[in-house]
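Peer 1: The structure follows.
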Amino acid sequence: MRKMILRLKIFHLSKRTITLLFATLLITLSTQLAPRADTSHFLLSGDDFKDLGSLAVKLQDPRAVISQHIVPQLSAETQQLLGEYDGISSPSLALQRALILDLNKILQVGPLYDAESFTKIELSEQTDGLLAQNPQSGEALVRLNRLLLSDAYPHEVASLTEKQTSENPEGIEKCRENLRRIQQAREKYRDGTNRDPQWLSELSPEYLDKKDLLCPADATNGKPGVLTEGAEDPTLPCSYLYEFRPSQKTNREIILANQGDMLPFVRCERHLLNLSVGGKLYRNGPQREIYKGKMKVMVAQVNASGDLYTQLQAQLGEEFLKSREGKDLLKNLHGSLPPSTPTVRQEQISPIGKPMPNMTLTDLSGQPVKLEAFQSEFILLNIFPITSDTCGPKLKRLEKLLKNYDASQLQVVGISTDDSAKAIETFKEKYGLSMPIWMGKNMQMQVSVYSDISKSQAQLTTFLLNRELIVKDMVIDFDPDILSQKVKRLVESKN
């Protein structure tokens with residue numbers, strides 16, 4: 001500063017002019033030297049990546065809406081490194097550095113939140129609170145952006161409270177290595193047979209050591225029945241859930257055609273780690289339906305009285321109603337139900353191996369009916385709206401393919417989500433249907449599965465039940481020929 005003042009004196013300026021320049025200089029320097037809010041503790045470092053490989057795979061996925069929002073903001077160099085990553089090996093140090101640099105820029109340049117991109121992301125209470133303040137700059141914005149990134153990728157990016165204790169699940173690296181070996185064995189198997197194995201145990205011993213079928217975090221050492229009914233490998237102890245097993249293969253192939261090679265092929269339920277059909281490893285997460293865990297079906301039955309929120313709170317709990325799923329349910333029901341029918345009873349099931357939820361049903365004359373009235377070995381239950389243009393032809397084709405079964409073996413029944421007996425009679429006549437079609441008055445089906453089949457609800461949901469009304473299988477918008485073959489195999493196995 002002393003040198004600057006001396007230079008001013010050399011110009012032989014008046015005392016007043018020097019004073020003005022000196023004051024201006026002090027203001028400029030004070031502005032430059034003023035302390036700024038420290039946002040460095042909100043920015044990412046290498047330790048904040050809980051699973052860098054999984055993050056890279058999800059950013060590669062063109063169908064993940066949140067990744068579509070973030071990837072265009074990355075530099076061309078980072079996008080190239082992402083494109084070169086194989087999705088199964090350890091990510092390079094160059095990719096890690098590039099993602100740290102670019103993501104930290106994104107955290108600082110402006111609001112990360114976009115309503116459409118975050119529509120399926122459940123935000124934490126802390127994020128919701130800060131988002132309501134709508135910060136546009138400064139420390140609050142960087143903090144909010146960091147919270148949003150952690151909410152979008154909870155298994156990949158540590159939250160602010162996790163920064164000092166990054167996640168290290170027991171045995172996850174060994175589990176990753178097991179899944180890499182399973183993928184290599186599968187490729188060799190396919191080269192020799194031109195098909196996928198029926199069970200993972202078929203890969204051993206020719207292509208895979210049986211020890212690679214055991215997750216190190218599995219205290220049961222692959223004991224059958226630990227996962228879900230019908231999922232245990234019949235030959236060897238296996239810790240992993242094989243999604244293309246015989247009972248699920250047809251459904252997965254249909255979803256695969258719709259969703260592409262990010263569909264999970266093998267899952268580790270302990271580490272929430274998935275091996276995709278395309279040979280990539282990623283963790284469970286909220287970004288896409290196929291990233292999520294087990295399939296769930298929600299059946300909502302509308303009654304005639306009471307308060308919607310109070311009834312749901314009593315049956316589902318306050319915590320559920322505060323979740324994104326609960327908020328969506330309330331929003332959908334408020335928008336679709338008439339004011340005189342504000343209550344809902346909801347049941348949630350895992351479709352395979354669980355009892356079918358009770359439903360209030362009536363026949364076309366208005367008399368109450370129950371599925372228990374059928375005495376057949378199996379019931380094929382189809383739930384659909386008669387306003388659909390695709391359900392009638394499919395049901396007609398299905399009846400033709402199943403016409404040789406008598407009532408003691410198989411009973412096909414329809415449940416219409418519409419409550420007009422006259423309209424249902426017209427529907428049956430139009431398509432020449434002989435199956436009974438009952439009315440599930442004010443009933444709504446909400447189906448959450450591995451694929452985003454459409455933005456709306458699936459139009460036709462089919463349950464295959466045994467005599468005890470246990471769900472043996474579930475199909476969405478079935479192919480009549482494929483479903484009839486599945487029914488044939490099940491009935492023949494019973495005989």
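Naming works like this for the structure tokens: A, B, ... for the chains as they're shown, residue 1 at the start of each chain, ligands 1 onward in shown order.
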Pull the closest atom pair for each residue of stretch 247-283 of chain A that gets at most 10 Å from stretch 44-66 of chain A, along with the distance in Å to one decimal, counting only C-alpha atoms, ordering rows by chain and then ascending residue number, as a tab-separated table.

Peer 2:
```
residue	atom	partner	partner_atom	distance
A:Gln259	CA	A:Arg63	CA	8.6
A:Gly260	CA	A:Arg63	CA	9.6
A:Asp261	CA	A:Asp61	CA	9.9
A:Met262	CA	A:Asp61	CA	7.7
A:Leu273	CA	A:Ser54	CA	9.0
A:Asn274	CA	A:Ser54	CA	9.5
A:Lys280	CA	A:Val57	CA	7.1
A:Leu281	CA	A:Ser54	CA	6.3
A:Tyr282	CA	A:Ser54	CA	4.2
A:Arg283	CA	A:Ser54	CA	5.9
```

Peer 1: Can you write just those residues out, all heavy atoms, as a PDB file, in the first residue's frame?

Peer 2:
```
ATOM      1  N   GLN A 259     -36.925 -52.080 -21.650  1.00  0.00           N
ATOM      2  CA  GLN A 259     -36.020 -51.278 -20.833  1.00  0.00           C
ATOM      3  C   GLN A 259     -34.566 -51.318 -21.259  1.00  0.00           C
ATOM      4  O   GLN A 259     -33.789 -50.477 -20.851  1.00  0.00           O
ATOM      5  CB  GLN A 259     -36.123 -51.721 -19.368  1.00  0.00           C
ATOM      6  CG  GLN A 259     -37.414 -51.319 -18.715  1.00  0.00           C
ATOM      7  CD  GLN A 259     -37.579 -49.826 -18.640  1.00  0.00           C
ATOM      8  OE1 GLN A 259     -36.646 -49.092 -18.350  1.00  0.00           O
ATOM      9  NE2 GLN A 259     -38.773 -49.355 -18.948  1.00  0.00           N
ATOM     10  N   GLY A 260     -34.144 -52.317 -22.037  1.00  0.00           N
ATOM     11  CA  GLY A 260     -32.751 -52.375 -22.435  1.00  0.00           C
ATOM     12  C   GLY A 260     -31.877 -53.030 -21.388  1.00  0.00           C
ATOM     13  O   GLY A 260     -32.347 -53.563 -20.381  1.00  0.00           O
ATOM     14  N   ASP A 261     -30.562 -52.978 -21.623  1.00  0.00           N
ATOM     15  CA  ASP A 261     -29.642 -53.833 -20.863  1.00  0.00           C
ATOM     16  C   ASP A 261     -29.264 -53.310 -19.483  1.00  0.00           C
ATOM     17  O   ASP A 261     -28.380 -53.854 -18.843  1.00  0.00           O
ATOM     18  CB  ASP A 261     -28.372 -54.117 -21.672  1.00  0.00           C
ATOM     19  CG  ASP A 261     -27.587 -52.856 -22.005  1.00  0.00           C
ATOM     20  OD1 ASP A 261     -27.958 -51.778 -21.497  1.00  0.00           O
ATOM     21  OD2 ASP A 261     -26.608 -52.954 -22.758  1.00  0.00           O
ATOM     22  N   MET A 262     -29.957 -52.267 -18.981  1.00  0.00           N
ATOM     23  CA  MET A 262     -29.745 -51.867 -17.594  1.00  0.00           C
ATOM     24  C   MET A 262     -30.604 -52.697 -16.637  1.00  0.00           C
ATOM     25  O   MET A 262     -30.481 -52.576 -15.425  1.00  0.00           O
ATOM     26  CB  MET A 262     -30.074 -50.384 -17.420  1.00  0.00           C
ATOM     27  CG  MET A 262     -29.008 -49.453 -17.956  1.00  0.00           C
ATOM     28  SD  MET A 262     -27.426 -49.622 -17.109  1.00  0.00           S
ATOM     29  CE  MET A 262     -27.844 -48.956 -15.509  1.00  0.00           C
ATOM     30  N   LEU A 273     -26.724 -54.410  -4.413  1.00  0.00           N
ATOM     31  CA  LEU A 273     -25.841 -54.322  -5.573  1.00  0.00           C
ATOM     32  C   LEU A 273     -26.437 -55.154  -6.701  1.00  0.00           C
ATOM     33  O   LEU A 273     -26.860 -56.294  -6.489  1.00  0.00           O
ATOM     34  CB  LEU A 273     -24.456 -54.852  -5.194  1.00  0.00           C
ATOM     35  CG  LEU A 273     -23.311 -54.681  -6.179  1.00  0.00           C
ATOM     36  CD1 LEU A 273     -23.068 -53.205  -6.476  1.00  0.00           C
ATOM     37  CD2 LEU A 273     -22.050 -55.312  -5.603  1.00  0.00           C
ATOM     38  N   ASN A 274     -26.473 -54.582  -7.900  1.00  0.00           N
ATOM     39  CA  ASN A 274     -27.107 -55.238  -9.037  1.00  0.00           C
ATOM     40  C   ASN A 274     -26.118 -55.437 -10.177  1.00  0.00           C
ATOM     41  O   ASN A 274     -25.340 -54.534 -10.498  1.00  0.00           O
ATOM     42  CB  ASN A 274     -28.268 -54.383  -9.559  1.00  0.00           C
ATOM     43  CG  ASN A 274     -29.241 -54.020  -8.458  1.00  0.00           C
ATOM     44  OD1 ASN A 274     -29.896 -54.872  -7.894  1.00  0.00           O
ATOM     45  ND2 ASN A 274     -29.313 -52.738  -8.141  1.00  0.00           N
ATOM     46  N   LYS A 280     -23.154 -54.474 -16.191  1.00  0.00           N
ATOM     47  CA  LYS A 280     -22.729 -53.320 -15.400  1.00  0.00           C
ATOM     48  C   LYS A 280     -23.179 -53.491 -13.956  1.00  0.00           C
ATOM     49  O   LYS A 280     -24.215 -54.099 -13.690  1.00  0.00           O
ATOM     50  CB  LYS A 280     -23.290 -52.029 -15.994  1.00  0.00           C
ATOM     51  CG  LYS A 280     -22.762 -51.742 -17.392  1.00  0.00           C
ATOM     52  CD  LYS A 280     -23.241 -50.398 -17.907  1.00  0.00           C
ATOM     53  CE  LYS A 280     -22.641 -50.116 -19.287  1.00  0.00           C
ATOM     54  NZ  LYS A 280     -23.008 -48.772 -19.789  1.00  0.00           N
ATOM     55  N   LEU A 281     -22.398 -52.926 -13.047  1.00  0.00           N
ATOM     56  CA  LEU A 281     -22.697 -53.014 -11.619  1.00  0.00           C
ATOM     57  C   LEU A 281     -23.171 -51.661 -11.100  1.00  0.00           C
ATOM     58  O   LEU A 281     -22.531 -50.639 -11.345  1.00  0.00           O
ATOM     59  CB  LEU A 281     -21.451 -53.437 -10.838  1.00  0.00           C
ATOM     60  CG  LEU A 281     -20.992 -54.890 -11.013  1.00  0.00           C
ATOM     61  CD1 LEU A 281     -19.663 -55.110 -10.293  1.00  0.00           C
ATOM     62  CD2 LEU A 281     -22.031 -55.855 -10.480  1.00  0.00           C
ATOM     63  N   TYR A 282     -24.281 -51.673 -10.384  1.00  0.00           N
ATOM     64  CA  TYR A 282     -24.762 -50.445  -9.771  1.00  0.00           C
ATOM     65  C   TYR A 282     -25.589 -50.787  -8.545  1.00  0.00           C
ATOM     66  O   TYR A 282     -26.081 -51.890  -8.377  1.00  0.00           O
ATOM     67  CB  TYR A 282     -25.577 -49.603 -10.765  1.00  0.00           C
ATOM     68  CG  TYR A 282     -26.838 -50.268 -11.281  1.00  0.00           C
ATOM     69  CD1 TYR A 282     -28.025 -50.214 -10.554  1.00  0.00           C
ATOM     70  CD2 TYR A 282     -26.839 -50.944 -12.493  1.00  0.00           C
ATOM     71  CE1 TYR A 282     -29.179 -50.810 -11.026  1.00  0.00           C
ATOM     72  CE2 TYR A 282     -27.993 -51.547 -12.978  1.00  0.00           C
ATOM     73  CZ  TYR A 282     -29.153 -51.476 -12.241  1.00  0.00           C
ATOM     74  OH  TYR A 282     -30.297 -52.079 -12.701  1.00  0.00           O
ATOM     75  N   ARG A 283     -25.736 -49.799  -7.677  1.00  0.00           N
ATOM     76  CA  ARG A 283     -26.482 -49.981  -6.436  1.00  0.00           C
ATOM     77  C   ARG A 283     -27.958 -49.674  -6.656  1.00  0.00           C
ATOM     78  O   ARG A 283     -28.344 -49.018  -7.624  1.00  0.00           O
ATOM     79  CB  ARG A 283     -25.932 -49.038  -5.355  1.00  0.00           C
ATOM     80  CG  ARG A 283     -24.453 -49.197  -5.072  1.00  0.00           C
ATOM     81  CD  ARG A 283     -24.124 -50.502  -4.369  1.00  0.00           C
ATOM     82  NE  ARG A 283     -24.641 -50.522  -3.022  1.00  0.00           N
ATOM     83  CZ  ARG A 283     -24.046 -49.928  -1.997  1.00  0.00           C
ATOM     84  NH1 ARG A 283     -22.922 -49.254  -2.170  1.00  0.00           N
ATOM     85  NH2 ARG A 283     -24.570 -49.985  -0.792  1.00  0.00           N
TER      86      ARG A 283
END
```

Peer 1: Show me, as a list in words, the residues that have an atom within 12 Å of A:Leu93 when counting only C-alpha atoms, minus same-chain residues fewer than 3 positions from it.

Peer 2: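 So, after excluding close chain neighbours, the residues are Gly46, Leu52, Gly53, Thr78, Leu81, Tyr85, Ser90, Gln96, Arg97, Ala98, Leu99 and Ile100 of chain A.
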
Peer 1: Write the selection just made, keeping N, CA, C and O atoms, as an mmCIF file, in the first residue's frame?

Peer 2:
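File written: part32.cif
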```
data_model
loop_
_atom_site.group_PDB
_atom_site.id
_atom_site.type_symbol
_atom_site.label_atom_id
_atom_site.label_comp_id
_atom_site.auth_asym_id
_atom_site.auth_seq_id
_atom_site.Cartn_x
_atom_site.Cartn_y
_atom_site.Cartn_z
ATOM 1 N N GLY A 46 -12.662 -36.921 -2.992
ATOM 2 C CA GLY A 46 -12.670 -38.352 -3.301
ATOM 3 C C GLY A 46 -13.323 -39.189 -2.223
ATOM 4 O O GLY A 46 -13.970 -40.200 -2.510
ATOM 5 N N LEU A 52 -18.246 -44.915 -6.574
ATOM 6 C CA LEU A 52 -18.005 -44.144 -7.784
ATOM 7 C C LEU A 52 -18.422 -44.917 -9.031
ATOM 8 O O LEU A 52 -18.966 -44.342 -9.978
ATOM 9 N N GLY A 53 -18.186 -46.227 -9.040
ATOM 10 C CA GLY A 53 -18.562 -47.028 -10.198
ATOM 11 C C GLY A 53 -20.061 -47.002 -10.441
ATOM 12 O O GLY A 53 -20.526 -46.849 -11.576
ATOM 13 N N THR A 78 -15.191 -34.999 -19.454
ATOM 14 C CA THR A 78 -15.795 -35.888 -18.460
ATOM 15 C C THR A 78 -16.810 -36.817 -19.116
ATOM 16 O O THR A 78 -16.866 -38.008 -18.796
ATOM 17 N N LEU A 81 -14.936 -39.602 -20.757
ATOM 18 C CA LEU A 81 -14.452 -40.587 -19.779
ATOM 19 C C LEU A 81 -15.593 -41.473 -19.297
ATOM 20 O O LEU A 81 -15.414 -42.685 -19.095
ATOM 21 N N TYR A 85 -16.064 -45.767 -19.741
ATOM 22 C CA TYR A 85 -16.093 -46.656 -18.568
ATOM 23 C C TYR A 85 -16.935 -47.894 -18.871
ATOM 24 O O TYR A 85 -18.053 -47.792 -19.371
ATOM 25 N N SER A 90 -13.000 -51.185 -11.728
ATOM 26 C CA SER A 90 -12.820 -50.022 -10.857
ATOM 27 C C SER A 90 -12.621 -48.777 -11.719
ATOM 28 O O SER A 90 -11.814 -48.795 -12.647
ATOM 29 N N GLN A 96 -12.499 -40.106 -11.709
ATOM 30 C CA GLN A 96 -12.831 -39.571 -10.389
ATOM 31 C C GLN A 96 -12.518 -38.080 -10.322
ATOM 32 O O GLN A 96 -13.346 -37.278 -9.872
ATOM 33 N N ARG A 97 -11.333 -37.699 -10.774
ATOM 34 C CA ARG A 97 -10.934 -36.289 -10.727
ATOM 35 C C ARG A 97 -11.872 -35.425 -11.576
ATOM 36 O O ARG A 97 -12.254 -34.327 -11.180
ATOM 37 N N ALA A 98 -12.208 -35.928 -12.759
ATOM 38 C CA ALA A 98 -13.071 -35.162 -13.663
ATOM 39 C C ALA A 98 -14.448 -34.959 -13.059
ATOM 40 O O ALA A 98 -15.027 -33.856 -13.143
ATOM 41 N N LEU A 99 -15.004 -36.001 -12.437
ATOM 42 C CA LEU A 99 -16.327 -35.876 -11.831
ATOM 43 C C LEU A 99 -16.294 -34.932 -10.632
ATOM 44 O O LEU A 99 -17.225 -34.136 -10.437
ATOM 45 N N ILE A 100 -15.243 -34.988 -9.831
ATOM 46 C CA ILE A 100 -15.127 -34.078 -8.689
ATOM 47 C C ILE A 100 -15.111 -32.634 -9.179
ATOM 48 O O ILE A 100 -15.843 -31.768 -8.678
#
```

Peer 1: What parts of stretch 48-106 of chain A does DSSP call helix (DSSP H, G or I)? I'd like the answer as a PyMOL selection string.

Peer 2: chain A and resi 48+52-60+65-73+76-84+93-106

Peer 1: Mind checking which residues fall within 9 Å of A:Leu465, counting only C-alpha atoms, ignoring those fewer than 6 positions away in the same chain, and posting them as a list of chain:residue names?

Peer 2: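 So the residues in contact are A:Pro355, A:Met356, A:Glu377, A:Phe378, A:Ile379, A:Leu380, A:Leu381, A:Val471, A:Lys472, A:Asp473, A:Met474.
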
Peer 1: Taking into account only C-alpha atoms, which residue in the set A:Ile415, A:Glu156, A:Leu395, A:Ser239 is nearest to A:Lys210?

Peer 2: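 Closest to A:Lys210 of all the choices is A:Ser239.
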
Peer 1: If you run DSSP on this backbone, which residues of stretch 218-287 of chain A come out as strand (DSSP E), and could you give them as a list of chain:residue names?

Peer 2: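 Strand (DSSP E) assignments inside stretch 218-287 of chain A correspond to A:Leu241, A:Tyr242, A:Pro264, A:Phe265, A:Val266, A:Arg267, A:Cys268, A:Leu273, A:Asn274, A:Leu275, A:Ser276, A:Leu281, A:Tyr282, A:Arg283.
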
Peer 1: Just to be explicit: take each residue in the selection above, keep N, CA, C and O atoms, and write the result as a PDB file, in the first residue's frame.

Peer 2:
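Final output, part_37.pdb:
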```
ATOM      1  N   LEU A 241     -29.849 -63.299  -5.813  1.00  0.00           N
ATOM      2  CA  LEU A 241     -31.172 -63.425  -6.401  1.00  0.00           C
ATOM      3  C   LEU A 241     -31.044 -63.391  -7.914  1.00  0.00           C
ATOM      4  O   LEU A 241     -30.640 -62.377  -8.490  1.00  0.00           O
ATOM      5  N   TYR A 242     -31.380 -64.501  -8.553  1.00  0.00           N
ATOM      6  CA  TYR A 242     -31.261 -64.621 -10.005  1.00  0.00           C
ATOM      7  C   TYR A 242     -32.590 -64.222 -10.634  1.00  0.00           C
ATOM      8  O   TYR A 242     -33.591 -64.918 -10.486  1.00  0.00           O
ATOM      9  N   PRO A 264     -31.734 -55.385 -14.140  1.00  0.00           N
ATOM     10  CA  PRO A 264     -30.946 -56.261 -13.266  1.00  0.00           C
ATOM     11  C   PRO A 264     -31.037 -57.724 -13.688  1.00  0.00           C
ATOM     12  O   PRO A 264     -32.122 -58.231 -13.993  1.00  0.00           O
ATOM     13  N   PHE A 265     -29.914 -58.388 -13.700  1.00  0.00           N
ATOM     14  CA  PHE A 265     -29.809 -59.798 -14.052  1.00  0.00           C
ATOM     15  C   PHE A 265     -29.608 -60.633 -12.783  1.00  0.00           C
ATOM     16  O   PHE A 265     -30.235 -61.659 -12.583  1.00  0.00           O
ATOM     17  N   VAL A 266     -28.730 -60.148 -11.919  1.00  0.00           N
ATOM     18  CA  VAL A 266     -28.457 -60.774 -10.617  1.00  0.00           C
ATOM     19  C   VAL A 266     -28.435 -59.662  -9.584  1.00  0.00           C
ATOM     20  O   VAL A 266     -27.923 -58.574  -9.843  1.00  0.00           O
ATOM     21  N   ARG A 267     -29.019 -59.940  -8.412  1.00  0.00           N
ATOM     22  CA  ARG A 267     -29.046 -58.945  -7.334  1.00  0.00           C
ATOM     23  C   ARG A 267     -28.408 -59.505  -6.070  1.00  0.00           C
ATOM     24  O   ARG A 267     -28.606 -60.674  -5.734  1.00  0.00           O
ATOM     25  N   CYS A 268     -27.688 -58.647  -5.364  1.00  0.00           N
ATOM     26  CA  CYS A 268     -27.281 -58.950  -3.991  1.00  0.00           C
ATOM     27  C   CYS A 268     -28.162 -58.115  -3.082  1.00  0.00           C
ATOM     28  O   CYS A 268     -28.038 -56.882  -3.037  1.00  0.00           O
ATOM     29  N   LEU A 273     -26.724 -54.410  -4.413  1.00  0.00           N
ATOM     30  CA  LEU A 273     -25.841 -54.322  -5.573  1.00  0.00           C
ATOM     31  C   LEU A 273     -26.437 -55.154  -6.701  1.00  0.00           C
ATOM     32  O   LEU A 273     -26.860 -56.294  -6.489  1.00  0.00           O
ATOM     33  N   ASN A 274     -26.473 -54.582  -7.900  1.00  0.00           N
ATOM     34  CA  ASN A 274     -27.107 -55.238  -9.037  1.00  0.00           C
ATOM     35  C   ASN A 274     -26.118 -55.437 -10.177  1.00  0.00           C
ATOM     36  O   ASN A 274     -25.340 -54.534 -10.498  1.00  0.00           O
ATOM     37  N   LEU A 275     -26.185 -56.600 -10.813  1.00  0.00           N
ATOM     38  CA  LEU A 275     -25.472 -56.861 -12.058  1.00  0.00           C
ATOM     39  C   LEU A 275     -26.503 -56.808 -13.172  1.00  0.00           C
ATOM     40  O   LEU A 275     -27.469 -57.570 -13.174  1.00  0.00           O
ATOM     41  N   SER A 276     -26.318 -55.897 -14.127  1.00  0.00           N
ATOM     42  CA  SER A 276     -27.315 -55.719 -15.173  1.00  0.00           C
ATOM     43  C   SER A 276     -27.109 -56.713 -16.308  1.00  0.00           C
ATOM     44  O   SER A 276     -26.055 -57.349 -16.424  1.00  0.00           O
ATOM     45  N   LEU A 281     -22.398 -52.926 -13.047  1.00  0.00           N
ATOM     46  CA  LEU A 281     -22.697 -53.014 -11.619  1.00  0.00           C
ATOM     47  C   LEU A 281     -23.171 -51.661 -11.100  1.00  0.00           C
ATOM     48  O   LEU A 281     -22.531 -50.639 -11.345  1.00  0.00           O
ATOM     49  N   TYR A 282     -24.281 -51.673 -10.384  1.00  0.00           N
ATOM     50  CA  TYR A 282     -24.762 -50.445  -9.771  1.00  0.00           C
ATOM     51  C   TYR A 282     -25.589 -50.787  -8.545  1.00  0.00           C
ATOM     52  O   TYR A 282     -26.081 -51.890  -8.377  1.00  0.00           O
ATOM     53  N   ARG A 283     -25.736 -49.799  -7.677  1.00  0.00           N
ATOM     54  CA  ARG A 283     -26.482 -49.981  -6.436  1.00  0.00           C
ATOM     55  C   ARG A 283     -27.958 -49.674  -6.656  1.00  0.00           C
ATOM     56  O   ARG A 283     -28.344 -49.018  -7.624  1.00  0.00           O
TER      57      ARG A 283
END
```

Peer 1: Tell me which protein, DNA and RNA residues are within 12 Å of A:Asp196, counting only C-alpha atoms, leaving out same-chain ones fewer than 6 positions away, and put them as a list in words.

Peer 2: Ile182, Gln183, Ala185, Arg186, Glu187, Lys188, Tyr189, Arg190, Glu202, Leu203, Tyr242, Glu243, Phe244, Arg245, Pro246, Lys249, Glu253, Phe265 and Val277 of chain A

Peer 1: What would the file look like if the residues just selected were written as a short mmCIF file (atom, residue, chain, number, x, y, z; two decimals), in the first residue's frame with C-alpha atoms?

Peer 2:
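result34.cif, written as the output of this step:
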```
data_model
loop_
_atom_site.label_atom_id
_atom_site.label_comp_id
_atom_site.auth_asym_id
_atom_site.auth_seq_id
_atom_site.Cartn_x
_atom_site.Cartn_y
_atom_site.Cartn_z
CA ILE A 182 -20.56 -64.45 -12.52
CA GLN A 183 -20.73 -62.08 -15.49
CA ALA A 185 -19.00 -67.12 -16.50
CA ARG A 186 -22.32 -66.12 -18.01
CA GLU A 187 -20.63 -64.80 -21.15
CA LYS A 188 -18.73 -68.06 -21.61
CA TYR A 189 -21.89 -70.07 -20.98
CA ARG A 190 -23.79 -68.08 -23.59
CA GLU A 202 -25.50 -74.19 -13.97
CA LEU A 203 -22.38 -72.05 -14.31
CA TYR A 242 -31.26 -64.62 -10.00
CA GLU A 243 -33.86 -62.55 -11.83
CA PHE A 244 -34.03 -64.74 -14.95
CA ARG A 245 -34.91 -67.95 -13.10
CA PRO A 246 -37.59 -70.12 -14.78
CA LYS A 249 -37.84 -65.49 -17.23
CA GLU A 253 -37.66 -60.87 -21.23
CA PHE A 265 -29.81 -59.80 -14.05
CA VAL A 277 -28.04 -57.71 -18.32
#
```

Peer 1: Counting only C-alpha atoms, which residue out of A:Thr461, A:Ser388, A:Asn221, A:Ser117 sits closest to A:Ile70?

Peer 2: A:Ser117

Peer 1: With a distance cut-off of 10 Å and only C-alpha atoms, select the neighbouring residues of A:Glu372, excluding the residue or stretch itself and same-chain residues fewer than 5 positions from it, and output the selection as a PDB file with N, CA, C and O atoms, in the first residue's frame.

Peer 2:
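Contents of out_31.pdb, freshly written:
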```pdb
ATOM      1  N   ARG A 467     -55.518 -72.530  -5.396  1.00  0.00           N
ATOM      2  CA  ARG A 467     -56.798 -72.749  -4.716  1.00  0.00           C
ATOM      3  C   ARG A 467     -56.894 -71.954  -3.417  1.00  0.00           C
ATOM      4  O   ARG A 467     -57.982 -71.529  -3.007  1.00  0.00           O
ATOM      5  N   GLU A 468     -55.748 -71.744  -2.762  1.00  0.00           N
ATOM      6  CA  GLU A 468     -55.732 -71.009  -1.488  1.00  0.00           C
ATOM      7  C   GLU A 468     -55.616 -69.501  -1.699  1.00  0.00           C
ATOM      8  O   GLU A 468     -55.416 -68.744  -0.745  1.00  0.00           O
ATOM      9  N   LEU A 469     -55.728 -69.048  -2.947  1.00  0.00           N
ATOM     10  CA  LEU A 469     -55.638 -67.633  -3.320  1.00  0.00           C
ATOM     11  C   LEU A 469     -54.270 -67.040  -3.013  1.00  0.00           C
ATOM     12  O   LEU A 469     -54.133 -65.857  -2.685  1.00  0.00           O
TER      13      LEU A 469
END
```

Peer 1: May I have the residues within 8 Å of A:Gly432 as a PyMOL selection string, using only C-alpha atoms and disregarding those fewer than 3 positions away in the same chain?

Peer 2: chain A and resi 396+428-429
